[in-house]
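**Student:** My structure is stored as query_26.txt, with compact mmCIF, C-alpha atoms.
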```txt
# COMPACT_ATOMS: atom_id res chain seq x y z
CA MET A 1 9.54 -58.36 -10.09
CA LYS A 2 13.09 -58.45 -11.38
CA ILE A 3 15.31 -57.59 -8.41
CA VAL A 4 19.08 -57.20 -8.22
CA VAL A 5 20.44 -57.67 -4.70
CA LEU A 6 23.71 -55.75 -4.55
CA ALA A 7 26.34 -56.66 -1.95
CA GLY A 8 30.07 -56.83 -1.23
CA GLY A 9 32.38 -54.20 -2.70
CA LEU A 10 35.57 -52.64 -1.34
CA SER A 11 34.24 -51.99 2.14
CA ASP A 12 35.51 -53.00 5.56
CA GLU A 13 31.97 -54.36 6.00
CA ARG A 14 32.14 -56.43 2.80
CA ASP A 15 31.65 -59.79 4.51
CA VAL A 16 28.66 -58.54 6.49
CA SER A 17 27.16 -57.22 3.27
CA LEU A 18 27.63 -60.53 1.44
CA SER A 19 25.89 -62.34 4.30
CA SER A 20 23.03 -59.82 4.27
CA GLY A 21 22.77 -60.11 0.50
CA ALA A 22 22.54 -63.90 0.57
CA GLN A 23 19.76 -63.83 3.16
CA VAL A 24 17.82 -61.12 1.33
CA ALA A 25 18.15 -62.86 -2.05
CA ASN A 26 16.86 -66.14 -0.61
CA ALA A 27 13.92 -64.37 1.04
CA LEU A 28 12.91 -62.50 -2.10
CA LYS A 29 13.10 -65.75 -4.07
CA LYS A 30 10.63 -67.24 -1.60
CA ASN A 31 8.38 -64.30 -2.45
CA ASN A 32 8.45 -65.47 -6.10
CA HIS A 33 10.59 -62.65 -7.47
CA HIS A 34 13.31 -63.12 -10.08
CA VAL A 35 16.37 -62.35 -7.97
CA LEU A 36 20.01 -61.96 -8.89
CA LEU A 37 22.66 -61.49 -6.18
CA LEU A 38 25.67 -59.55 -7.46
CA ASP A 39 28.90 -58.33 -5.85
CA LEU A 40 29.83 -54.72 -6.62
CA LEU A 41 33.13 -56.07 -7.89
CA ASP A 42 31.70 -58.74 -10.23
CA ASP A 43 32.78 -58.47 -13.86
CA VAL A 44 29.41 -58.88 -15.58
CA SER A 45 30.18 -56.80 -18.66
CA SER A 46 29.32 -59.72 -20.94
CA TYR A 47 25.67 -59.65 -19.81
CA PRO A 48 23.86 -56.68 -21.42
CA ASP A 49 20.66 -56.85 -19.35
CA PHE A 50 18.95 -58.49 -16.38
CA ASP A 51 17.31 -61.33 -18.31
CA ILE A 52 20.54 -62.55 -19.88
CA ALA A 53 22.46 -62.21 -16.61
CA TYR A 54 19.69 -64.05 -14.73
CA GLU A 55 19.76 -66.92 -17.21
CA ALA A 56 23.52 -67.32 -16.74
CA LEU A 57 24.08 -66.45 -13.07
CA ASN A 58 20.91 -67.33 -11.17
CA LYS A 59 21.33 -69.69 -8.20
CA ASP A 60 18.63 -71.58 -6.29
CA HIS A 61 20.16 -70.70 -2.93
CA TYR A 62 22.80 -68.31 -1.59
CA GLU A 63 24.86 -68.66 1.57
CA TYR A 64 27.70 -66.67 3.15
CA ASN A 65 29.09 -66.80 6.68
CA VAL A 66 30.81 -63.75 8.19
CA PRO A 67 34.44 -64.38 9.29
CA GLU A 68 35.55 -63.11 12.70
CA ILE A 69 37.85 -60.43 11.24
CA ALA A 70 37.21 -57.72 8.68
CA PRO A 71 38.57 -58.18 5.12
CA ASP A 72 41.90 -56.91 3.78
CA ILE A 73 40.92 -54.16 1.31
CA GLU A 74 44.30 -53.99 -0.44
CA GLU A 75 44.21 -57.73 -1.02
CA LEU A 76 40.72 -57.41 -2.49
CA LYS A 77 41.88 -54.72 -4.91
CA GLU A 78 44.64 -57.02 -6.16
CA THR A 79 42.28 -59.98 -6.45
CA TYR A 80 39.52 -58.24 -8.40
CA GLN A 81 41.67 -55.74 -10.32
CA VAL A 82 38.86 -53.16 -10.45
CA ALA A 83 39.58 -49.61 -11.56
CA GLY A 84 37.12 -48.05 -9.12
CA GLU A 85 34.68 -49.03 -6.37
CA VAL A 86 32.07 -50.53 -8.66
CA SER A 87 32.11 -52.63 -11.82
CA LEU A 88 30.34 -50.47 -14.42
CA GLY A 89 29.10 -53.62 -16.14
CA LEU A 90 26.51 -53.79 -13.37
CA LEU A 91 24.67 -50.69 -14.59
CA PRO A 92 22.81 -52.18 -17.62
CA ILE A 93 21.68 -55.12 -15.49
CA CYS A 94 20.45 -52.81 -12.73
CA GLN A 95 18.76 -50.49 -15.24
CA SER A 96 16.71 -53.36 -16.64
CA ALA A 97 15.64 -54.57 -13.18
CA ASP A 98 12.55 -53.23 -11.41
CA ILE A 99 14.56 -52.28 -8.32
CA VAL A 100 17.96 -52.85 -6.72
CA PHE A 101 17.96 -54.03 -3.12
CA LEU A 102 21.02 -52.43 -1.52
CA ALA A 103 22.43 -55.02 0.87
CA LEU A 104 25.58 -52.90 1.08
CA HIS A 105 27.19 -51.79 4.34
CA GLY A 106 29.83 -49.07 4.62
CA GLY A 107 31.95 -47.83 1.73
CA ILE A 108 30.28 -46.73 -1.50
CA GLY A 109 26.97 -48.24 -0.35
CA GLU A 110 26.34 -46.15 2.75
CA LYS A 111 28.25 -42.98 1.87
CA GLY A 112 25.68 -42.09 -0.78
CA LYS A 113 27.94 -42.75 -3.76
CA ILE A 114 26.09 -45.72 -5.27
CA GLN A 115 22.77 -43.93 -4.68
CA ALA A 116 24.03 -40.85 -6.56
CA LEU A 117 25.26 -43.04 -9.42
CA PHE A 118 21.91 -44.82 -9.60
CA ASP A 119 20.05 -41.51 -9.59
CA ILE A 120 22.05 -40.45 -12.65
CA TYR A 121 21.21 -43.69 -14.46
CA ASP A 122 17.55 -43.69 -13.34
CA ILE A 123 17.92 -46.90 -11.34
CA LYS A 124 15.48 -47.50 -8.49
CA TYR A 125 16.99 -48.67 -5.19
CA THR A 126 16.02 -49.42 -1.60
CA GLY A 127 16.66 -47.06 1.30
CA SER A 128 17.45 -43.37 1.64
CA SER A 129 18.66 -40.82 -0.91
CA HIS A 130 22.32 -40.20 -1.68
CA LYS A 131 22.29 -36.96 0.32
CA ALA A 132 20.76 -38.46 3.47
CA SER A 133 23.04 -41.51 3.24
CA ALA A 134 26.14 -39.32 3.07
CA ILE A 135 25.01 -37.22 6.03
CA ALA A 136 24.24 -40.21 8.25
CA MET A 137 27.53 -41.94 7.44
CA ASP A 138 29.51 -38.83 8.41
CA LYS A 139 29.42 -39.34 12.18
CA LEU A 140 30.59 -35.80 12.92
CA LEU A 141 27.99 -34.12 10.71
CA ALA A 142 25.24 -36.44 11.96
CA LYS A 143 26.08 -35.67 15.61
CA GLU A 144 26.09 -31.93 14.89
CA LEU A 145 22.64 -32.19 13.33
CA MET A 146 21.32 -34.31 16.20
CA ALA A 147 22.62 -31.86 18.78
CA PHE A 148 21.22 -28.86 16.87
CA HIS A 149 17.76 -30.47 16.80
CA GLY A 150 17.83 -31.47 20.45
CA VAL A 151 18.57 -35.18 20.07
CA SER A 152 20.88 -36.12 22.94
CA THR A 153 24.18 -37.62 21.77
CA PRO A 154 27.43 -38.27 23.70
CA ALA A 155 29.72 -35.24 24.00
CA TRP A 156 32.53 -35.25 21.45
CA GLU A 157 35.47 -33.44 19.95
CA VAL A 158 37.45 -33.88 16.76
CA TYR A 159 40.93 -35.29 17.34
CA GLU A 160 43.86 -32.95 16.79
CA GLU A 161 47.53 -33.48 17.62
CA GLY A 162 48.19 -32.63 21.24
CA VAL A 163 44.57 -33.01 22.40
CA GLU A 164 44.29 -33.74 26.10
CA PHE A 165 43.34 -37.32 26.97
CA LYS A 166 40.30 -37.72 29.21
CA ALA A 167 39.50 -41.22 30.45
CA PRO A 168 37.41 -43.11 29.68
CA CYS A 169 36.56 -42.28 26.08
CA VAL A 170 35.64 -43.81 22.74
CA ILE A 171 37.75 -43.24 19.63
CA LYS A 172 35.95 -43.53 16.29
CA ALA A 173 36.98 -43.28 12.66
CA ASN A 174 34.48 -40.81 11.24
CA ASP A 175 32.78 -42.86 8.53
CA ASN A 176 32.98 -46.58 9.27
CA GLY A 177 30.26 -48.92 10.48
CA SER A 178 29.88 -52.32 12.17
CA SER A 179 32.09 -50.98 14.99
CA ILE A 180 35.11 -51.17 12.68
CA GLY A 181 37.51 -48.39 13.64
CA VAL A 182 35.91 -48.00 17.09
CA TYR A 183 38.11 -48.31 20.21
CA MET A 184 37.62 -47.96 23.95
CA ALA A 185 40.39 -46.15 25.85
CA ASN A 186 40.76 -46.24 29.62
CA THR A 187 44.46 -45.32 29.74
CA LYS A 188 46.78 -42.94 27.89
CA GLU A 189 48.54 -45.93 26.32
CA GLU A 190 45.22 -47.33 25.00
CA PHE A 191 44.27 -43.87 23.73
CA ASP A 192 47.53 -43.42 21.78
CA GLN A 193 47.25 -46.89 20.24
CA ALA A 194 43.58 -46.34 19.35
CA ILE A 195 44.44 -43.10 17.51
CA ILE A 196 47.12 -44.91 15.50
CA GLU A 197 44.70 -47.67 14.53
CA ALA A 198 41.76 -45.35 13.80
CA LYS A 199 43.97 -43.35 11.41
CA THR A 200 44.29 -46.46 9.22
CA PHE A 201 40.56 -46.13 8.47
CA ASN A 202 40.09 -42.37 8.31
CA THR A 203 42.13 -39.22 8.84
CA GLU A 204 39.21 -37.59 10.68
CA ILE A 205 38.73 -39.08 14.14
CA ILE A 206 36.12 -38.37 16.80
CA ILE A 207 36.83 -38.61 20.52
CA GLU A 208 33.55 -39.31 22.24
CA GLU A 209 32.42 -39.38 25.85
CA LYS A 210 32.09 -42.99 27.00
CA ILE A 211 28.57 -43.72 28.19
CA VAL A 212 28.55 -46.61 30.64
CA GLY A 213 25.26 -48.45 30.61
CA ARG A 214 22.93 -50.44 28.38
CA GLU A 215 22.84 -50.55 24.58
CA PHE A 216 19.71 -50.50 22.44
CA ALA A 217 18.59 -50.19 18.83
CA VAL A 218 15.33 -48.99 17.32
CA GLY A 219 14.31 -49.81 13.78
CA VAL A 220 12.31 -47.28 11.80
CA LEU A 221 10.05 -48.74 9.14
CA ASP A 222 8.06 -46.40 6.91
CA LYS A 223 8.03 -43.62 9.56
CA GLU A 224 7.05 -45.99 12.39
CA ALA A 225 9.30 -47.13 15.22
CA LEU A 226 9.68 -50.87 15.76
CA PRO A 227 9.95 -52.50 19.21
CA ILE A 228 13.24 -51.70 20.94
CA ILE A 229 15.94 -54.36 21.08
CA GLU A 230 18.55 -54.48 23.85
CA ILE A 231 22.03 -55.81 23.02
CA ILE A 232 23.99 -57.52 25.78
CA PRO A 233 27.47 -58.65 24.65
CA LYS A 234 28.79 -61.64 26.57
CA VAL A 235 32.32 -60.20 26.55
CA GLY A 236 33.47 -56.60 26.00
CA PHE A 237 31.39 -54.17 23.93
CA TYR A 238 29.26 -54.71 20.83
CA ASP A 239 32.20 -54.88 18.43
CA TYR A 240 32.55 -56.50 14.99
CA LYS A 241 32.88 -60.04 16.38
CA ASN A 242 30.00 -59.67 18.83
CA LYS A 243 27.77 -58.28 16.08
CA TYR A 244 28.15 -61.09 13.58
CA GLN A 245 29.24 -64.28 15.35
CA ALA A 246 26.22 -66.23 16.55
CA GLY A 247 26.05 -66.55 20.33
CA SER A 248 28.43 -63.64 21.03
CA ALA A 249 25.67 -61.40 22.36
CA GLU A 250 22.25 -61.76 23.92
CA GLU A 251 19.52 -59.72 22.24
CA VAL A 252 16.19 -59.04 23.92
CA THR A 253 13.10 -57.85 22.03
CA PRO A 254 11.10 -56.02 23.25
CA ALA A 255 13.68 -54.55 25.63
CA HIS A 256 12.91 -54.76 29.34
CA ILE A 257 12.48 -51.05 30.03
CA SER A 258 9.55 -48.96 31.21
CA THR A 259 6.79 -47.78 28.89
CA GLU A 260 7.93 -44.20 29.47
CA LEU A 261 11.52 -44.94 28.42
CA THR A 262 10.31 -47.04 25.50
CA LEU A 263 8.20 -44.23 24.10
CA LYS A 264 10.98 -41.68 24.67
CA MET A 265 13.58 -43.79 22.85
CA GLN A 266 11.23 -44.56 19.97
CA GLU A 267 10.44 -40.86 19.61
CA MET A 268 14.18 -40.06 19.59
CA ALA A 269 14.64 -42.67 16.84
CA LEU A 270 11.91 -41.11 14.70
CA GLU A 271 13.32 -37.62 15.28
CA THR A 272 16.84 -38.74 14.33
CA HIS A 273 15.48 -40.43 11.20
CA ARG A 274 13.71 -37.16 10.34
CA VAL A 275 16.49 -34.64 11.03
CA LEU A 276 19.00 -36.66 8.98
CA GLY A 277 16.55 -36.75 6.07
CA LEU A 278 16.27 -40.53 5.98
CA SER A 279 13.50 -42.36 4.16
CA SER A 280 12.04 -45.86 3.82
CA TYR A 281 13.85 -47.48 6.75
CA SER A 282 16.77 -47.17 9.14
CA ARG A 283 18.09 -48.40 12.46
CA ILE A 284 19.00 -45.93 15.19
CA ASP A 285 21.42 -46.97 17.96
CA PHE A 286 21.32 -45.77 21.57
CA LEU A 287 23.07 -46.01 24.93
CA MET A 288 21.35 -45.47 28.28
CA ASN A 289 23.34 -44.70 31.44
CA GLU A 290 22.55 -45.66 35.04
CA GLN A 291 20.47 -42.48 35.44
CA ASN A 292 18.25 -43.62 32.54
CA GLU A 293 19.53 -40.79 30.32
CA ILE A 294 19.33 -41.80 26.67
CA PHE A 295 22.02 -40.94 24.09
CA CYS A 296 21.83 -41.52 20.34
CA ILE A 297 25.06 -43.01 19.02
CA GLU A 298 24.37 -43.13 15.28
CA ALA A 299 21.93 -43.90 12.47
CA ASN A 300 22.28 -46.82 10.06
CA THR A 301 20.78 -46.17 6.63
CA LEU A 302 21.22 -49.76 5.40
CA PRO A 303 20.86 -51.90 8.54
CA GLY A 304 22.36 -55.37 8.59
CA MET A 305 20.17 -58.21 7.34
CA THR A 306 22.36 -61.13 8.47
CA PRO A 307 21.00 -64.02 10.57
CA THR A 308 22.13 -62.19 13.76
CA SER A 309 21.09 -58.67 12.68
CA LEU A 310 18.88 -56.46 14.83
CA LEU A 311 16.29 -55.07 12.39
CA PRO A 312 14.90 -58.52 11.43
CA GLN A 313 14.60 -59.43 15.13
CA GLU A 314 12.65 -56.23 15.84
CA ALA A 315 10.37 -56.85 12.87
CA GLN A 316 9.75 -60.40 14.07
CA ALA A 317 8.48 -58.95 17.36
CA ILE A 318 5.53 -57.38 15.50
CA GLY A 319 4.86 -60.48 13.40
CA LEU A 320 6.94 -59.64 10.30
CA ASP A 321 8.93 -62.73 9.39
CA TYR A 322 12.11 -62.32 7.35
CA PRO A 323 10.64 -62.75 3.83
CA THR A 324 7.76 -60.41 4.71
CA LEU A 325 10.21 -57.81 6.02
CA CYS A 326 12.28 -57.95 2.84
CA GLU A 327 9.12 -57.55 0.76
CA LYS A 328 8.05 -54.56 2.86
CA LEU A 329 11.47 -52.91 2.45
CA VAL A 330 11.11 -53.20 -1.32
CA GLN A 331 7.55 -51.85 -1.35
CA ILE A 332 8.18 -48.86 0.95
CA SER A 333 11.33 -47.99 -1.01
CA LEU A 334 9.34 -47.90 -4.25
CA LYS A 335 7.07 -45.24 -2.69
CA LYS A 336 9.73 -42.57 -3.11
CA TYR A 337 9.50 -42.96 -6.90
CA ASN A 338 5.73 -42.39 -7.06
```
With the file now loaded, output its structure as structure tokens.
**Tutor:**
Amino acid sequence: MKIVVLAGGLSDERDVSLSSGAQVANALKKNNHHVLLLDLLDDVSSYPDFDIAYEALNKDHYEYNVPEIAPDIEELKETYQVAGEVSLGLLPICQSADIVFLALHGGIGEKGKIQALFDIYDIKYTGSSHKASAIAMDKLLAKELMAFHGVSTPAWEVYEEGVEFKAPCVIKANDNGSSIGVYMANTKEEFDQAIIEAKTFNTEIIIEEKIVGREFAVGVLDKEALPIIEIIPKVGFYDYKNKYQAGSAEEVTPAHISTELTLKMQEMALETHRVLGLSSYSRIDFLMNEQNEIFCIEANTLPGMTPTSLLPQEAQAIGLDYPTLCEKLVQISLKKYN
């Protein structure tokens, strides 16, 4: 097949996306597909279709390492001089491909915007629909839907000026991922500073109950839950650095929890996937307190596919190596077009 792997863009998770994209492109090449890795910001207007772009831009191998800090979006805008969030020259190339593998994280990729654009131009893509993607990325809306359908999620309130501080708590920008715009506050001073910093990402901020305990993730692949993975950061919580710098966290698959808790968490993952309207695949994140109560934190519609990412590790636990996983993600995503 002719496959465009789309990554990068003007997202706080740009670097993570470029790393995911490189890994996915290499894997799909191993599966004997014609693969072209493109950045959302690439000026490819001189290439009218996939074949011509492939002839000019194809590489034998892709590689990208995630820096310890998130990118400067304003600097990126100046560097690439793009009018919007996507180079429209990409569209003819994507239209003439068999499918686009969305290795995008955050921004236009997970808010449903690129999916809506592709729907208009009849471009096939991996993952969930534009509507489901937008819902899942809106943390507030997603939590409201989870709670309405009986999926336990940490208590929350929307930040307003003058809100009373209750320690400890978690402050979150409403629509970021990779723990960007997420802060822990144990004091009033930390709370005030966290609000200031969260506002740089989003004007809507959630104040969430802090669940002290263990952190887990459950991949959902074609309506089936994968083995649970437990994440154990060596320092602090599972923030941006601990997610993407090798050796910053220990990850255990399958997680060392009882069969009863395993089945309960997997069922919660499937229910969250369902109530948010997700399709093809996702990764659902959880916390479990000392009383073994399980809380869903959020759903990821385009889970990371970097060398340290969780979904590939879970798939490996059931015998799906990385190239096989990438192939499966393509095949199950094509189902929604049949």
**Student:** So that I can see what lies close to range 38-40 of chain A, please list as a JSON list (two decimals) with C-alpha atoms, in the frame of the given file the residues with an atom at most 12 Å from it, counting all atoms listed in the file and leaving out residues fewer than 2 positions away in the same chain.
**Tutor:**
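Wrote out-v5.json, looks like this:
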```json
[["chain", "number", "residue", "atom", "x", "y", "z"],
["A", 3, "ILE", "CA", 15.31, -57.59, -8.41],
["A", 4, "VAL", "CA", 19.08, -57.20, -8.22],
["A", 5, "VAL", "CA", 20.44, -57.67, -4.70],
["A", 6, "LEU", "CA", 23.71, -55.75, -4.55],
["A", 7, "ALA", "CA", 26.34, -56.66, -1.95],
["A", 8, "GLY", "CA", 30.07, -56.83, -1.23],
["A", 9, "GLY", "CA", 32.38, -54.20, -2.70],
["A", 10, "LEU", "CA", 35.57, -52.64, -1.34],
["A", 11, "SER", "CA", 34.24, -51.99, 2.14],
["A", 14, "ARG", "CA", 32.14, -56.43, 2.80],
["A", 15, "ASP", "CA", 31.65, -59.79, 4.51],
["A", 17, "SER", "CA", 27.16, -57.22, 3.27],
["A", 18, "LEU", "CA", 27.63, -60.53, 1.44],
["A", 19, "SER", "CA", 25.89, -62.34, 4.30],
["A", 20, "SER", "CA", 23.03, -59.82, 4.27],
["A", 21, "GLY", "CA", 22.77, -60.11, 0.50],
["A", 22, "ALA", "CA", 22.54, -63.90, 0.57],
["A", 24, "VAL", "CA", 17.82, -61.12, 1.33],
["A", 25, "ALA", "CA", 18.15, -62.86, -2.05],
["A", 35, "VAL", "CA", 16.37, -62.35, -7.97],
["A", 36, "LEU", "CA", 20.01, -61.96, -8.89],
["A", 42, "ASP", "CA", 31.70, -58.74, -10.23],
["A", 43, "ASP", "CA", 32.78, -58.47, -13.86],
["A", 44, "VAL", "CA", 29.41, -58.88, -15.58],
["A", 50, "PHE", "CA", 18.95, -58.49, -16.38],
["A", 53, "ALA", "CA", 22.46, -62.21, -16.61],
["A", 54, "TYR", "CA", 19.69, -64.05, -14.73],
["A", 57, "LEU", "CA", 24.08, -66.45, -13.07],
["A", 58, "ASN", "CA", 20.91, -67.33, -11.17],
["A", 59, "LYS", "CA", 21.33, -69.69, -8.20],
["A", 62, "TYR", "CA", 22.80, -68.31, -1.59],
["A", 76, "LEU", "CA", 40.72, -57.41, -2.49],
["A", 80, "TYR", "CA", 39.52, -58.24, -8.40],
["A", 82, "VAL", "CA", 38.86, -53.16, -10.45],
["A", 84, "GLY", "CA", 37.12, -48.05, -9.12],
["A", 85, "GLU", "CA", 34.68, -49.03, -6.37],
["A", 86, "VAL", "CA", 32.07, -50.53, -8.66],
["A", 87, "SER", "CA", 32.11, -52.63, -11.82],
["A", 88, "LEU", "CA", 30.34, -50.47, -14.42],
["A", 89, "GLY", "CA", 29.10, -53.62, -16.14],
["A", 90, "LEU", "CA", 26.51, -53.79, -13.37],
["A", 91, "LEU", "CA", 24.67, -50.69, -14.59],
["A", 93, "ILE", "CA", 21.68, -55.12, -15.49],
["A", 94, "CYS", "CA", 20.45, -52.81, -12.73],
["A", 100, "VAL", "CA", 17.96, -52.85, -6.72],
["A", 101, "PHE", "CA", 17.96, -54.03, -3.12],
["A", 102, "LEU", "CA", 21.02, -52.43, -1.52],
["A", 103, "ALA", "CA", 22.43, -55.02, 0.87],
["A", 104, "LEU", "CA", 25.58, -52.90, 1.08],
["A", 105, "HIS", "CA", 27.19, -51.79, 4.34],
["A", 107, "GLY", "CA", 31.95, -47.83, 1.73],
["A", 108, "ILE", "CA", 30.28, -46.73, -1.50],
["A", 109, "GLY", "CA", 26.97, -48.24, -0.35],
["A", 114, "ILE", "CA", 26.09, -45.72, -5.27]]
```
**Student:** Considering only C-alpha atoms, return as a ChimeraX atom specification whatever protein or nucleic-acid residues lie within 12 Å of Ala315 in chain A, sequence-local ones (same chain, fewer than 6 positions apart) excluded.
**Tutor:** /A:218-221,224-229,253-254,281,283,305,309,321-326,328-329
**Student:** Between A:Gly213, A:Gly304, A:Pro67, A:Gly127, which residue has the minimum interatomic distance to Leu278 in chain A, considering all atoms listed in the file?
**Tutor:**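 The shortest atom-to-atom distance to Leu278 in chain A comes from A:Gly127.
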**Student:** List as a PyMOL selection string the protein and nucleic acid residues near Ile232 in chain A, meaning an atom at most 7 Å away when all atoms listed in the file are counted, but skip any in the same chain fewer than 6 places from it.
**Tutor:** chain A and resi 249-251
**Student:** Record the distance separating CA of Glu209 in chain A and CA of Asn289 in chain A, expressed in Å with one decimal.
**Tutor:** 11.9 Å
**Student:** Check which residues of range 220-316 of chain A sit at most 8 Å from range 142-166 of chain A using only C-alpha atoms, and return one row each with the closest pair of atoms and their distance in Å to one decimal, ordered by chain and rising number, as JSON lines.
**Tutor:**
```
{"residue": "A:Met268", "atom": "CA", "partner": "A:Val151", "partner_atom": "CA", "distance": 6.6}
{"residue": "A:Glu271", "atom": "CA", "partner": "A:Val151", "partner_atom": "CA", "distance": 7.5}
{"residue": "A:Thr272", "atom": "CA", "partner": "A:Met146", "partner_atom": "CA", "distance": 6.6}
{"residue": "A:Val275", "atom": "CA", "partner": "A:Leu145", "partner_atom": "CA", "distance": 7.0}
{"residue": "A:Leu276", "atom": "CA", "partner": "A:Ala142", "partner_atom": "CA", "distance": 6.9}
{"residue": "A:Ile294", "atom": "CA", "partner": "A:Ser152", "partner_atom": "CA", "distance": 7.0}
{"residue": "A:Phe295", "atom": "CA", "partner": "A:Thr153", "partner_atom": "CA", "distance": 4.6}
{"residue": "A:Cys296", "atom": "CA", "partner": "A:Thr153", "partner_atom": "CA", "distance": 4.8}
{"residue": "A:Ile297", "atom": "CA", "partner": "A:Thr153", "partner_atom": "CA", "distance": 6.1}
{"residue": "A:Glu298", "atom": "CA", "partner": "A:Ala142", "partner_atom": "CA", "distance": 7.5}
```
**Student:** Counting only C-alpha atoms, which residues have an atom no more than 9 Å from (25.5, -39.5, -0.5) in the file's coordinates? Please list them as number ranges by chain.
**Tutor:** A: 108-116, 129-137
**Student:** Kindly export the residues of the current selection with C-alpha atoms, as a PDB file, keeping the file's coordinate frame.
**Tutor:**
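Result file follows (again.pdb):
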```pdb
ATOM      1  CA  ILE A 108      30.280 -46.730  -1.500  1.00  0.00           C
ATOM      2  CA  GLY A 109      26.970 -48.240  -0.350  1.00  0.00           C
ATOM      3  CA  GLU A 110      26.340 -46.150   2.750  1.00  0.00           C
ATOM      4  CA  LYS A 111      28.250 -42.980   1.870  1.00  0.00           C
ATOM      5  CA  GLY A 112      25.680 -42.090  -0.780  1.00  0.00           C
ATOM      6  CA  LYS A 113      27.940 -42.750  -3.760  1.00  0.00           C
ATOM      7  CA  ILE A 114      26.090 -45.720  -5.270  1.00  0.00           C
ATOM      8  CA  GLN A 115      22.770 -43.930  -4.680  1.00  0.00           C
ATOM      9  CA  ALA A 116      24.030 -40.850  -6.560  1.00  0.00           C
ATOM     10  CA  SER A 129      18.660 -40.820  -0.910  1.00  0.00           C
ATOM     11  CA  HIS A 130      22.320 -40.200  -1.680  1.00  0.00           C
ATOM     12  CA  LYS A 131      22.290 -36.960   0.320  1.00  0.00           C
ATOM     13  CA  ALA A 132      20.760 -38.460   3.470  1.00  0.00           C
ATOM     14  CA  SER A 133      23.040 -41.510   3.240  1.00  0.00           C
ATOM     15  CA  ALA A 134      26.140 -39.320   3.070  1.00  0.00           C
ATOM     16  CA  ILE A 135      25.010 -37.220   6.030  1.00  0.00           C
ATOM     17  CA  ALA A 136      24.240 -40.210   8.250  1.00  0.00           C
ATOM     18  CA  MET A 137      27.530 -41.940   7.440  1.00  0.00           C
TER      19      MET A 137
END
```
**Student:** What separation in Å, quoted to one decimal, exists between CA of Thr262 in chain A and CA of Phe286 in chain A?
**Tutor:** 11.8 Å
**Student:** Please report the interatomic distance between CA of Thr308 in chain A and CA of Pro233 in chain A in Å with one decimal.
**Tutor:** 12.6 Å
**Student:** Can you list, as a PyMOL selection string, every protein, DNA or RNA residue that comes within 7 Å of Asp49 in chain A when you count only C-alpha atoms, leaving out same-chain residues fewer than 2 positions away?
**Tutor:** chain A and resi 47+51-53+92-93+96
